[in-house]
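What follows is one structure encoded as structure tokens, with my remarks underneath.
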Amino acid sequence: EVPPPMRITGIATGEIQIPLARPFKTALRTVERVEDIVVRVTAENGMVGYGEAPPTAVITGDTKGSVLSAIHQHIAPAITSMDILCLDEVIERMAGSIKGNTSAKAAVDMALYDLWAKVMGKPLYQLLGGYRDTIETDLTISVNPVPQMVADSLAAVQDGYRVLKVKVGKEGMADIPRIAAIREAVGPDIRIRVDANQGWTVKDAIRVITAMEDKGLGIQLVEQPVPAHDLEGMAKITQKVYTPILADESVFSPLDALEIIRRGAADLINIKLMKTGGIHEALKICAVASLYGVECMMGCMLESKLAVSAAAHLCAAKGIVTRADLDGPSLCSIDPYEGGPEYSGALIQMNELPGIGITGVPCNFS
Ligand code: MG
């Protein structure tokens, strides 16, 4: 017997603001607080699903105004009264309702997956594949004067982090002593990832990465050394150095991932829900990457626990996602939500709560 339909009756948005524990600095920007849009999708039986999106204009082009307008003017009218049990159809309708706008789509997509899994009565990660139930995340070390970065790295290790993601890319060759100082301070057992956020030239990248290799700094991977569009440059770097290169800003969609893989323009891919437009498209990247045996990292923007937990569910579901950069909640000064996976230092523990698991969201929805 086919289950009766479960109609979507409402899509509302709210805003959440959470001060960061300390400013977040990359080669592109400095941020002091999370200021995100929260989405609530309601079904006819009263069940709700939650999603969240940070309007990260410098990376995705999405602003608060564009996210709200995409959701209220385009997405909501397209999917209201559809059956949440026909999840693929709902998401395809959403995708067709407006081009681009990946952050708005990601927020609604994760709310839809949350609601769908709650109706199914299962944690989302189990429905998507259930590969693991514990995730170890790295912690981001912001770009700062070297002594500050060393102190931040030591504090992270003290807090139990065994993987650091160090932001560089502002100074080319001067990034080498920066990483060397951190490696000397934390010792050989801590894994170090380096994220240049598009900040190097191709020549810089090859020089810096080769020098780090020659110095034996033991870098696990280098993320997005050159501008997103320069796939030729990415490929050149990937061929010239031994250190694995991870594509972040170069890969938004599943087609981007396929292009990167076929050109040999990276060794690894960073999946973020705000780039793909949600879990539905992210699953396609996982499928493409699995076909080629290209391991993925699950990342996040400056998102709070709601959106990061959606990413954690996907990360837990798929074996091809072998690395996690899901430190958004750790960077926030408070956790305003109830429920969800449990975050304790570097470890994210999945649990039996249905859907994404967030049960309390302190927002005024309208
Ligand atoms: Mg990155």
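Numbering starts fresh at 1 for the residues of each chain in the structure tokens, the chains themselves are lettered A, B, ... in the order given, and ligands are numbered from 1 as they appear.
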Would you name the residues within 7 Å of ligand 1, counting only C-alpha atoms and all ligand atoms, and put them as a ChimeraX atom specification? /A:195,197,223-224,248-249
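Residues in contact range of region 319-322 of chain A, defined as at most 7 Å between only C-alpha atoms, with sequence neighbours fewer than 6 positions away removed, read Tyr131, Cys286, Ser290, Glu295, Cys296, Met297 and Met298 of chain A.
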DSSP on the backbone, then: every residue of region 221-363 of chain A marked strand (DSSP E), written as a VMD selection string. chain A and resid 221 to 223 245 to 247 268 to 271 296 to 299 321 to 325 338 to 339 342 to 344 347 to 349 358 to 360
Out of A:Val288, A:Ile348, A:Ala53, A:Leu28, which residue has the shortest atom-to-atom distance to Ser309 (chain A) when counting only C-alpha atoms? A:Ile348
Across A:Thr63, A:Ser142, A:Gln126, A:Asn45, the smallest distance to Pro23 (chain A), with only C-alpha atoms counted, is shown by A:Ser142
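Taking CA of Ile261 (chain A) and CA of Ile237 (chain A) as endpoints, the distance between them is 14.0 Å.
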Taking only C-alpha atoms into account, name the residue in A:Leu164, A:Met94, A:Val150, A:Leu302 that is nearest to Arg323 (chain A).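 For Arg323 (chain A), the nearest of the candidates is A:Leu164.
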CA of Ser69 (chain A) and CA of Phe365 (chain A), how far apart in Å? 14.9 Å
Quick one: everything within 7 Å of Asp109 (chain A), counting only C-alpha atoms, minus sequence neighbours fewer than 5 positions away in the same chain. Send it as an NGL selection string. :A and (91 or 278-279)
Please return as a count of residues only: the residues of region 138-322 of chain A that backbone DSSP assigns to alpha helix (DSSP H). 89
Spatial neighbours of region 326-333 of chain A, 8 Å, only C-alpha atoms, chain gap at least 3 places, as JSON, numbers by chain: {"A": [18, 19, 20, 21, 22, 33, 34, 137, 138, 139, 140, 298, 299, 300, 301, 302, 303, 304, 305, 308, 311, 312, 343, 345]}
Could those residues be written to a file, using C-alpha atoms, as a compact mmCIF listing (two decimals), in the first residue's frame?
# COMPACT_ATOMS: atom_id res chain seq x y z
CA ILE A 18 25.60 34.57 16.75
CA PRO A 19 28.83 36.39 17.71
CA LEU A 20 31.99 34.45 16.83
CA ALA A 21 34.36 33.54 19.64
CA ARG A 22 37.04 35.45 17.69
CA ARG A 33 29.54 37.20 13.61
CA VAL A 34 27.31 34.61 12.00
CA THR A 137 36.64 17.88 12.19
CA ASP A 138 39.60 20.17 11.84
CA LEU A 139 39.69 23.68 13.28
CA THR A 140 40.40 26.78 11.20
CA MET A 298 32.85 18.11 3.70
CA GLY A 299 33.20 21.82 4.42
CA CYS A 300 31.04 24.69 5.54
CA MET A 301 30.88 28.47 5.31
CA LEU A 302 30.49 30.52 8.48
CA GLU A 303 27.43 28.53 9.42
CA SER A 304 26.03 27.72 12.82
CA LYS A 305 25.09 24.30 14.12
CA VAL A 308 26.67 22.38 9.73
CA ALA A 311 26.53 18.78 6.29
CA ALA A 312 27.54 16.42 9.11
CA TYR A 343 29.73 18.66 19.14
CA GLY A 345 35.87 19.66 20.53
Residues within 12 Å of Gly360 (chain A), please, as a VMD selection string. Count only C-alpha atoms; anything in the same chain fewer than 3 positions from it doesn't count. chain A and resid 40 48 to 50 305 to 306 335 to 340 356 to 357 363 to 364
